[in-house]
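> Next comes my_file.tsv, TSV, C-alpha atoms:
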```tsv
chain	number	residue	atom	x	y	z
A	1	MET	CA	0.00	0.00	0.00
A	2	THR	CA	1.14	3.55	-0.68
A	3	THR	CA	-0.12	6.86	0.68
A	4	ILE	CA	-2.48	8.96	-1.44
A	5	GLU	CA	-2.25	12.60	-2.49
A	6	LYS	CA	-3.33	15.29	-0.03
A	7	ASP	CA	-6.09	16.69	-2.23
A	8	ASN	CA	-7.71	13.28	-2.51
A	9	PHE	CA	-7.63	12.45	1.17
A	10	ILE	CA	-9.25	15.78	2.03
A	11	GLN	CA	-12.02	14.90	-0.43
A	12	TYR	CA	-12.44	11.41	1.05
A	13	ARG	CA	-12.35	12.75	4.60
A	14	ASN	CA	-15.19	15.12	3.73
A	15	GLN	CA	-17.13	12.25	2.13
A	16	LEU	CA	-16.69	10.15	5.27
A	17	GLY	CA	-17.89	13.07	7.41
A	18	ALA	CA	-21.01	13.38	5.27
A	19	PHE	CA	-21.57	9.61	5.46
A	20	ILE	CA	-21.35	9.66	9.26
A	21	LYS	CA	-23.67	12.66	9.49
A	22	ALA	CA	-26.25	10.95	7.28
A	23	THR	CA	-26.10	7.75	9.36
A	24	SER	CA	-25.88	9.09	12.92
A	25	ASP	CA	-24.19	12.42	13.56
A	26	ILE	CA	-21.30	12.67	16.03
A	27	SER	CA	-19.86	15.58	18.00
A	28	ASN	CA	-17.09	17.80	16.69
A	29	SER	CA	-14.86	16.42	19.43
A	30	SER	CA	-15.44	12.82	18.34
A	31	TRP	CA	-14.92	13.74	14.69
A	32	ALA	CA	-11.58	15.37	15.56
A	33	LYS	CA	-10.50	12.16	17.32
A	34	VAL	CA	-11.44	10.10	14.27
A	35	CYS	CA	-9.53	12.46	11.96
A	36	ASN	CA	-6.49	12.19	14.22
A	37	ILE	CA	-6.13	8.43	13.61
A	38	MET	CA	-6.95	8.38	9.89
A	39	GLN	CA	-4.46	6.83	7.50
A	40	PHE	CA	-4.74	7.24	3.73
A	41	TYR	CA	-3.77	4.60	1.19
A	42	LYS	CA	-4.03	3.51	-2.41
A	43	VAL	CA	-3.62	-0.02	-3.77
A	44	LYS	CA	-3.44	-1.63	-7.17
A	45	LYS	CA	-6.06	-3.89	-8.74
A	46	GLY	CA	-5.76	-7.42	-7.35
A	47	THR	CA	-4.44	-6.37	-3.94
A	48	ARG	CA	-6.01	-8.18	-1.00
A	49	LEU	CA	-7.03	-5.79	1.75
A	50	LEU	CA	-7.92	-8.76	3.94
A	51	ASP	CA	-6.75	-12.36	3.58
A	52	TYR	CA	-8.61	-15.51	4.55
A	53	LEU	CA	-7.90	-16.50	8.20
A	54	ARG	CA	-6.32	-13.14	9.01
A	55	VAL	CA	-7.81	-10.84	11.65
A	56	GLU	CA	-9.44	-7.71	10.22
A	57	HIS	CA	-7.13	-4.85	11.18
A	58	ALA	CA	-9.14	-1.78	10.15
A	59	VAL	CA	-12.36	-0.08	9.22
A	60	ARG	CA	-11.96	1.55	5.81
A	61	PHE	CA	-13.83	4.22	3.94
A	62	LEU	CA	-13.48	3.38	0.27
A	63	GLY	CA	-13.16	6.71	-1.51
A	64	ASP	CA	-12.53	5.37	-5.01
A	65	GLY	CA	-12.70	1.90	-6.53
A	66	ILE	CA	-14.43	-1.47	-6.23
A	67	VAL	CA	-13.72	-4.34	-3.82
A	68	LYS	CA	-14.84	-7.96	-4.14
A	69	CYS	CA	-15.97	-9.79	-0.97
A	70	GLU	CA	-15.40	-13.55	-1.17
A	71	ASP	CA	-16.44	-16.12	1.45
A	72	HIS	CA	-14.56	-19.36	2.04
A	73	PHE	CA	-16.48	-22.22	3.65
A	74	ASN	CA	-15.76	-25.96	3.85
A	75	GLY	CA	-13.23	-25.79	1.05
A	76	ASN	CA	-15.51	-23.82	-1.25
A	77	SER	CA	-15.62	-20.12	-2.03
A	78	PHE	CA	-18.21	-17.74	-3.43
A	79	VAL	CA	-18.56	-14.01	-4.05
A	80	TYR	CA	-21.23	-12.67	-1.72
A	81	ASP	CA	-20.92	-8.91	-2.25
A	82	PHE	CA	-19.21	-6.07	-4.08
A	83	ARG	CA	-18.40	-2.78	-2.37
A	84	VAL	CA	-18.40	0.28	-4.61
A	85	ALA	CA	-17.05	3.66	-3.47
A	86	PRO	CA	-17.98	5.73	-1.58
A	87	ILE	CA	-18.72	3.17	1.15
A	88	ILE	CA	-17.59	1.71	4.48
A	89	LEU	CA	-15.59	-1.51	4.13
A	90	SER	CA	-14.68	-3.90	6.95
A	91	GLU	CA	-15.17	-7.51	8.04
A	92	THR	CA	-17.08	-6.54	11.16
A	93	PHE	CA	-17.18	-9.91	12.96
A	94	SER	CA	-13.42	-10.36	12.74
A	95	PHE	CA	-12.76	-6.70	13.55
A	96	LEU	CA	-14.86	-6.56	16.72
A	97	ASN	CA	-14.09	-10.06	18.01
A	98	ASN	CA	-10.39	-10.28	17.12
A	99	LYS	CA	-11.11	-13.56	15.30
A	100	PRO	CA	-9.67	-14.90	12.02
A	101	SER	CA	-11.76	-13.89	9.03
A	102	ARG	CA	-13.55	-16.39	6.80
A	103	ILE	CA	-13.55	-13.91	3.93
A	104	THR	CA	-11.16	-12.10	1.63
A	105	LEU	CA	-11.47	-8.51	0.44
A	106	GLU	CA	-9.81	-7.98	-2.94
A	107	ALA	CA	-9.50	-4.83	-5.03
A	108	VAL	CA	-11.26	-5.28	-8.38
A	109	THR	CA	-9.88	-1.92	-9.56
A	110	ASP	CA	-7.19	0.41	-8.27
A	111	CYS	CA	-8.56	1.74	-4.96
A	112	GLU	CA	-8.03	4.70	-2.63
A	113	PHE	CA	-9.32	4.69	0.92
A	114	ILE	CA	-9.20	6.00	4.48
A	115	GLU	CA	-8.16	3.46	7.08
A	116	LEU	CA	-9.06	3.56	10.79
A	117	PRO	CA	-6.68	1.08	12.48
A	118	ARG	CA	-8.16	-1.47	14.87
A	119	GLU	CA	-5.79	-0.75	17.76
A	120	THR	CA	-6.75	2.94	17.89
A	121	PHE	CA	-10.31	2.93	16.58
A	122	ILE	CA	-11.81	0.31	18.92
A	123	PRO	CA	-10.83	2.23	22.11
A	124	LEU	CA	-12.40	5.35	20.56
A	125	LEU	CA	-15.52	3.41	19.62
A	126	PHE	CA	-16.18	2.14	23.13
A	127	SER	CA	-15.27	5.34	24.96
A	128	ASN	CA	-17.44	7.71	22.90
A	129	PRO	CA	-21.19	6.94	22.95
A	130	ASP	CA	-21.91	8.91	19.78
A	131	LEU	CA	-19.33	6.86	17.85
A	132	ALA	CA	-20.74	3.65	19.30
A	133	LYS	CA	-24.22	4.74	18.20
A	134	PHE	CA	-22.97	5.48	14.68
A	135	ALA	CA	-21.31	2.06	14.47
A	136	THR	CA	-24.40	0.28	15.78
A	137	ILE	CA	-26.73	1.97	13.32
A	138	GLY	CA	-24.25	1.42	10.49
A	139	VAL	CA	-24.01	-2.32	11.19
A	140	ALA	CA	-27.81	-2.55	11.54
A	141	ASN	CA	-28.26	-0.82	8.17
A	142	TYR	CA	-25.79	-3.20	6.54
A	143	LEU	CA	-27.55	-6.25	8.03
A	144	GLY	CA	-30.88	-4.93	6.77
A	145	MET	CA	-29.51	-4.48	3.27
A	146	THR	CA	-27.93	-7.95	3.37
A	147	HIS	CA	-31.27	-9.48	4.38
A	148	TYR	CA	-32.98	-7.63	1.51
A	149	LYS	CA	-30.41	-8.96	-0.98
A	150	LEU	CA	-30.84	-12.50	0.31
A	151	ALA	CA	-34.61	-12.18	-0.04
A	152	LEU	CA	-34.23	-11.03	-3.65
A	153	ARG	CA	-31.85	-13.87	-4.40
A	154	ARG	CA	-34.31	-16.42	-3.01
A	155	THR	CA	-37.37	-15.01	-4.79
A	156	LEU	CA	-36.06	-13.90	-8.21
A	157	ASN	CA	-35.28	-16.31	-11.03
A	158	ALA	CA	-31.81	-16.28	-12.59
A	159	GLU	CA	-32.74	-13.88	-15.40
A	160	ASN	CA	-34.21	-11.33	-13.00
A	161	ARG	CA	-31.26	-11.74	-10.61
A	162	TYR	CA	-29.01	-10.76	-13.52
A	163	LYS	CA	-31.16	-7.70	-14.26
A	164	GLN	CA	-31.12	-6.72	-10.57
A	165	PHE	CA	-27.34	-7.07	-10.55
A	166	LEU	CA	-27.03	-4.67	-13.52
A	167	ARG	CA	-29.27	-2.16	-11.73
A	168	GLU	CA	-27.33	-2.34	-8.48
A	169	PHE	CA	-23.78	-2.70	-9.80
A	170	PRO	CA	-23.38	-1.15	-13.28
A	171	LEU	CA	-19.70	-0.34	-12.63
A	172	VAL	CA	-18.99	-3.79	-11.22
A	173	ALA	CA	-20.44	-5.31	-14.37
A	174	LYS	CA	-17.84	-3.42	-16.41
A	175	TYR	CA	-14.80	-4.39	-14.36
A	176	CYS	CA	-15.42	-7.81	-12.78
A	177	GLU	CA	-14.71	-11.18	-14.34
A	178	LEU	CA	-17.75	-13.14	-15.48
A	179	LYS	CA	-16.88	-15.99	-13.10
A	180	ASP	CA	-17.21	-13.57	-10.17
A	181	ILE	CA	-20.52	-12.22	-11.45
A	182	SER	CA	-21.90	-15.74	-11.89
A	183	SER	CA	-20.67	-16.67	-8.40
A	184	TYR	CA	-22.48	-13.65	-6.94
A	185	LEU	CA	-25.66	-14.59	-8.84
A	186	ASP	CA	-25.34	-18.24	-7.70
A	187	ILE	CA	-25.42	-19.62	-11.24
A	188	THR	CA	-22.79	-21.30	-13.42
A	189	PRO	CA	-20.75	-19.25	-15.92
A	190	GLN	CA	-22.40	-21.30	-18.67
A	191	SER	CA	-25.86	-20.37	-17.41
A	192	LEU	CA	-24.90	-16.71	-17.23
A	193	SER	CA	-23.63	-16.83	-20.82
A	194	ARG	CA	-26.91	-18.42	-21.96
A	195	ILE	CA	-29.00	-15.87	-20.05
A	196	ARG	CA	-27.12	-12.96	-21.60
A	197	LYS	CA	-27.80	-14.35	-25.09
A	198	THR	CA	-31.49	-15.14	-24.61
A	199	ILE	CA	-32.69	-12.52	-22.11
A	200	ARG	CA	-35.73	-10.44	-23.04
A	201	TRP	CA	-35.81	-6.71	-22.26
A	202	THR	CA	-38.78	-4.43	-21.79
A	203	LYS	CA	-39.00	-0.85	-23.06
A	204	GLU	CA	-38.23	0.34	-19.51
A	205	GLU	CA	-34.98	-1.67	-19.47
A	206	LEU	CA	-33.19	-0.12	-22.46
A	207	GLU	CA	-30.30	1.13	-20.28
A	208	LEU	CA	-29.83	-2.33	-18.79
A	209	GLU	CA	-29.89	-3.86	-22.26
A	210	ALA	CA	-27.23	-1.39	-23.45
A	211	LEU	CA	-25.05	-2.26	-20.44
A	212	SER	CA	-25.46	-5.99	-21.06
A	213	ASN	CA	-24.56	-5.52	-24.73
A	214	GLU	CA	-21.49	-3.52	-23.67
A	215	LEU	CA	-20.38	-6.47	-21.54
A	216	GLU	CA	-20.50	-8.67	-24.62
A	217	VAL	CA	-17.96	-6.36	-26.26
A	218	VAL	CA	-15.74	-5.81	-23.19
A	219	GLN	CA	-15.73	-9.33	-21.75
A	220	GLY	CA	-17.11	-11.57	-24.46
A	221	SER	CA	-19.87	-14.10	-23.98
```
If you convert what's in this file into structure tokens, what do you get?


Amino acid sequence: MTTIEKDNFIQYRNQLGAFIKATSDISNSSWAKVCNIMQFYKVKKGTRLLDYLRVEHAVRFLGDGIVKCEDHFNGNSFVYDFRVAPIILSETFSFLNNKPSRITLEAVTDCEFIELPRETFIPLLFSNPDLAKFATIGVANYLGMTHYKLALRRTLNAENRYKQFLREFPLVAKYCELKDISSYLDITPQSLSRIRKTIRWTKEELELEALSNELEVVQGS
């Protein structure tokens, strides 16, 4: 990892401040403490921000880029989420419990981010009620969104899961490998290829159709 340019980290710091304010505002004093421990990094595509069986060492605010979240269970692995800037990024269970992570976090593109190190951020979190409230609401919001995504995955057929993916992650669709997209959709790469060739679009889905056609050119079928 290398440090990022001053102009960019000021921009990302302001974005993080706005994100916190929109979730659960904190005092100026608490914000100053958070700013005091911020570290600013950039990494190249393919870099792992967290490795399987390593303890999560930070909460990050992804200012630019896309990160793939991959779970490893009983010798198998699957992509369960993509995180697209601007967004909070951390393996919360490992971070809070000091336990080895079951997941990997890998940069799909070059990324720039703020990092709040575990050894300094956790003491702040538990000694400042407004920060603890922000973290609690943030985790609750993430769990709610995860539940919603799981519900969609269980109730939509494969074709509609693909359409929902294009709606939610248009940038991911342009940069990720098809095997990762098919893993996220819980279908085989062969099924995804077939769906992309036979899918039917409505008049209201012209933008999705254009994006899907663009993928054919960028990534092939």

> List as JSON lines every residue of range 90-154 of chain A that is in contact with range 21-31 of chain A, defined as an atom at most 12 Å from one of its atoms (using all atoms listed in the file), together with the nearest atom pair and the distance in Å rounded to one decimal, sorted by chain and then rising number.


```
{"residue": "A:Phe121", "atom": "CA", "partner": "A:Ser30", "partner_atom": "CA", "distance": 11.3}
{"residue": "A:Leu124", "atom": "CA", "partner": "A:Ser30", "partner_atom": "CA", "distance": 8.4}
{"residue": "A:Leu125", "atom": "CA", "partner": "A:Ser30", "partner_atom": "CA", "distance": 9.5}
{"residue": "A:Phe126", "atom": "CA", "partner": "A:Ser30", "partner_atom": "CA", "distance": 11.7}
{"residue": "A:Ser127", "atom": "CA", "partner": "A:Ser30", "partner_atom": "CA", "distance": 10.0}
{"residue": "A:Asn128", "atom": "CA", "partner": "A:Ser30", "partner_atom": "CA", "distance": 7.1}
{"residue": "A:Pro129", "atom": "CA", "partner": "A:Ile26", "partner_atom": "CA", "distance": 9.0}
{"residue": "A:Asp130", "atom": "CA", "partner": "A:Ile26", "partner_atom": "CA", "distance": 5.3}
{"residue": "A:Leu131", "atom": "CA", "partner": "A:Ile26", "partner_atom": "CA", "distance": 6.4}
{"residue": "A:Ala132", "atom": "CA", "partner": "A:Ile26", "partner_atom": "CA", "distance": 9.6}
{"residue": "A:Lys133", "atom": "CA", "partner": "A:Ser24", "partner_atom": "CA", "distance": 7.0}
{"residue": "A:Phe134", "atom": "CA", "partner": "A:Ser24", "partner_atom": "CA", "distance": 5.0}
{"residue": "A:Ala135", "atom": "CA", "partner": "A:Ser24", "partner_atom": "CA", "distance": 8.5}
{"residue": "A:Thr136", "atom": "CA", "partner": "A:Ser24", "partner_atom": "CA", "distance": 9.4}
{"residue": "A:Ile137", "atom": "CA", "partner": "A:Thr23", "partner_atom": "CA", "distance": 7.0}
{"residue": "A:Gly138", "atom": "CA", "partner": "A:Thr23", "partner_atom": "CA", "distance": 6.7}
{"residue": "A:Val139", "atom": "CA", "partner": "A:Thr23", "partner_atom": "CA", "distance": 10.4}
{"residue": "A:Ala140", "atom": "CA", "partner": "A:Thr23", "partner_atom": "CA", "distance": 10.7}
{"residue": "A:Asn141", "atom": "CA", "partner": "A:Thr23", "partner_atom": "CA", "distance": 8.9}
{"residue": "A:Tyr142", "atom": "CA", "partner": "A:Thr23", "partner_atom": "CA", "distance": 11.3}
```

> If I take CA of Arg154 in chain A and CA of Gln190 in chain A, how far is one from the other in Å, to one decimal?

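CA of Gln190 in chain A lies at a distance of 20.3 Å from CA of Arg154 in chain A.
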
> Could you name the residues that touch Leu62 in chain A at 10 Å or less, counting all atoms listed in the file, but leaving out those on the same chain fewer than 3 positions away, as a PyMOL selection string?

chain A and resi 12+15-16+41-42+59+65-67+83-90+111-115

> How many Å separate CA of Arg102 in chain A from CA of Ala173 in chain A?

24.9 Å

> Just the number, please: distance in Å from CA of Phe19 in chain A to CA of Arg60 in chain A, one decimal.

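Straight-line distance from CA of Phe19 in chain A to CA of Arg60 in chain A works out to 12.5 Å.
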
> Give me the residues within 9 Å of Asp81 in chain A as a list in words, counting only C-alpha atoms and dropping any in the same chain fewer than 4 places off.

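So the residues in contact are Val67, Lys68, Cys69, Glu70 and Tyr184 of chain A.
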
> Compile the contact shell of Thr120 in chain A as an mmCIF file with C-alpha atoms, in the frame of the given file: residues with an atom at most 10 Å away, counting only C-alpha atoms, same-chain residues fewer than 4 positions apart removed.


```
data_model
loop_
_atom_site.group_PDB
_atom_site.id
_atom_site.type_symbol
_atom_site.label_atom_id
_atom_site.label_comp_id
_atom_site.auth_asym_id
_atom_site.auth_seq_id
_atom_site.Cartn_x
_atom_site.Cartn_y
_atom_site.Cartn_z
ATOM 1 C CA LYS A 33 -10.500 12.160 17.320
ATOM 2 C CA VAL A 34 -11.440 10.100 14.270
ATOM 3 C CA ASN A 36 -6.490 12.190 14.220
ATOM 4 C CA ILE A 37 -6.130 8.430 13.610
ATOM 5 C CA MET A 38 -6.950 8.380 9.890
ATOM 6 C CA ALA A 58 -9.140 -1.780 10.150
ATOM 7 C CA LEU A 116 -9.060 3.560 10.790
ATOM 8 C CA LEU A 124 -12.400 5.350 20.560
ATOM 9 C CA LEU A 125 -15.520 3.410 19.620
#
```

> If you count only C-alpha atoms, which residues fall within 8 Å of Asp51 in chain A, apart from same-chain ones fewer than 4 positions away, as a PyMOL selection string?

chain A and resi 101+103-105

> Compare A:Gly144, A:Val79, A:Ala210, A:Pro100 by their minimum atom-to-atom distance to Ile187 in chain A, counting only C-alpha atoms, and give me the closest one.

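Answer, going by the shortest atom-to-atom distance: A:Val79.
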
> Considering all atoms listed in the file, state which residue in the set A:Arg54, A:Arg161, A:Lys197, A:Arg48 is at the smallest distance from Ser182 in chain A.

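Going through A:Arg54, A:Arg161, A:Lys197, A:Arg48 one by one, the smallest distance to Ser182 in chain A is for A:Arg161.
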
> Which is closer to Glu159 in chain A than all the others in A:Pro117, A:Ile199, A:Pro123, A:Phe82, using all atoms listed in the file?

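Selected residue with least distance to Glu159 in chain A: A:Ile199.
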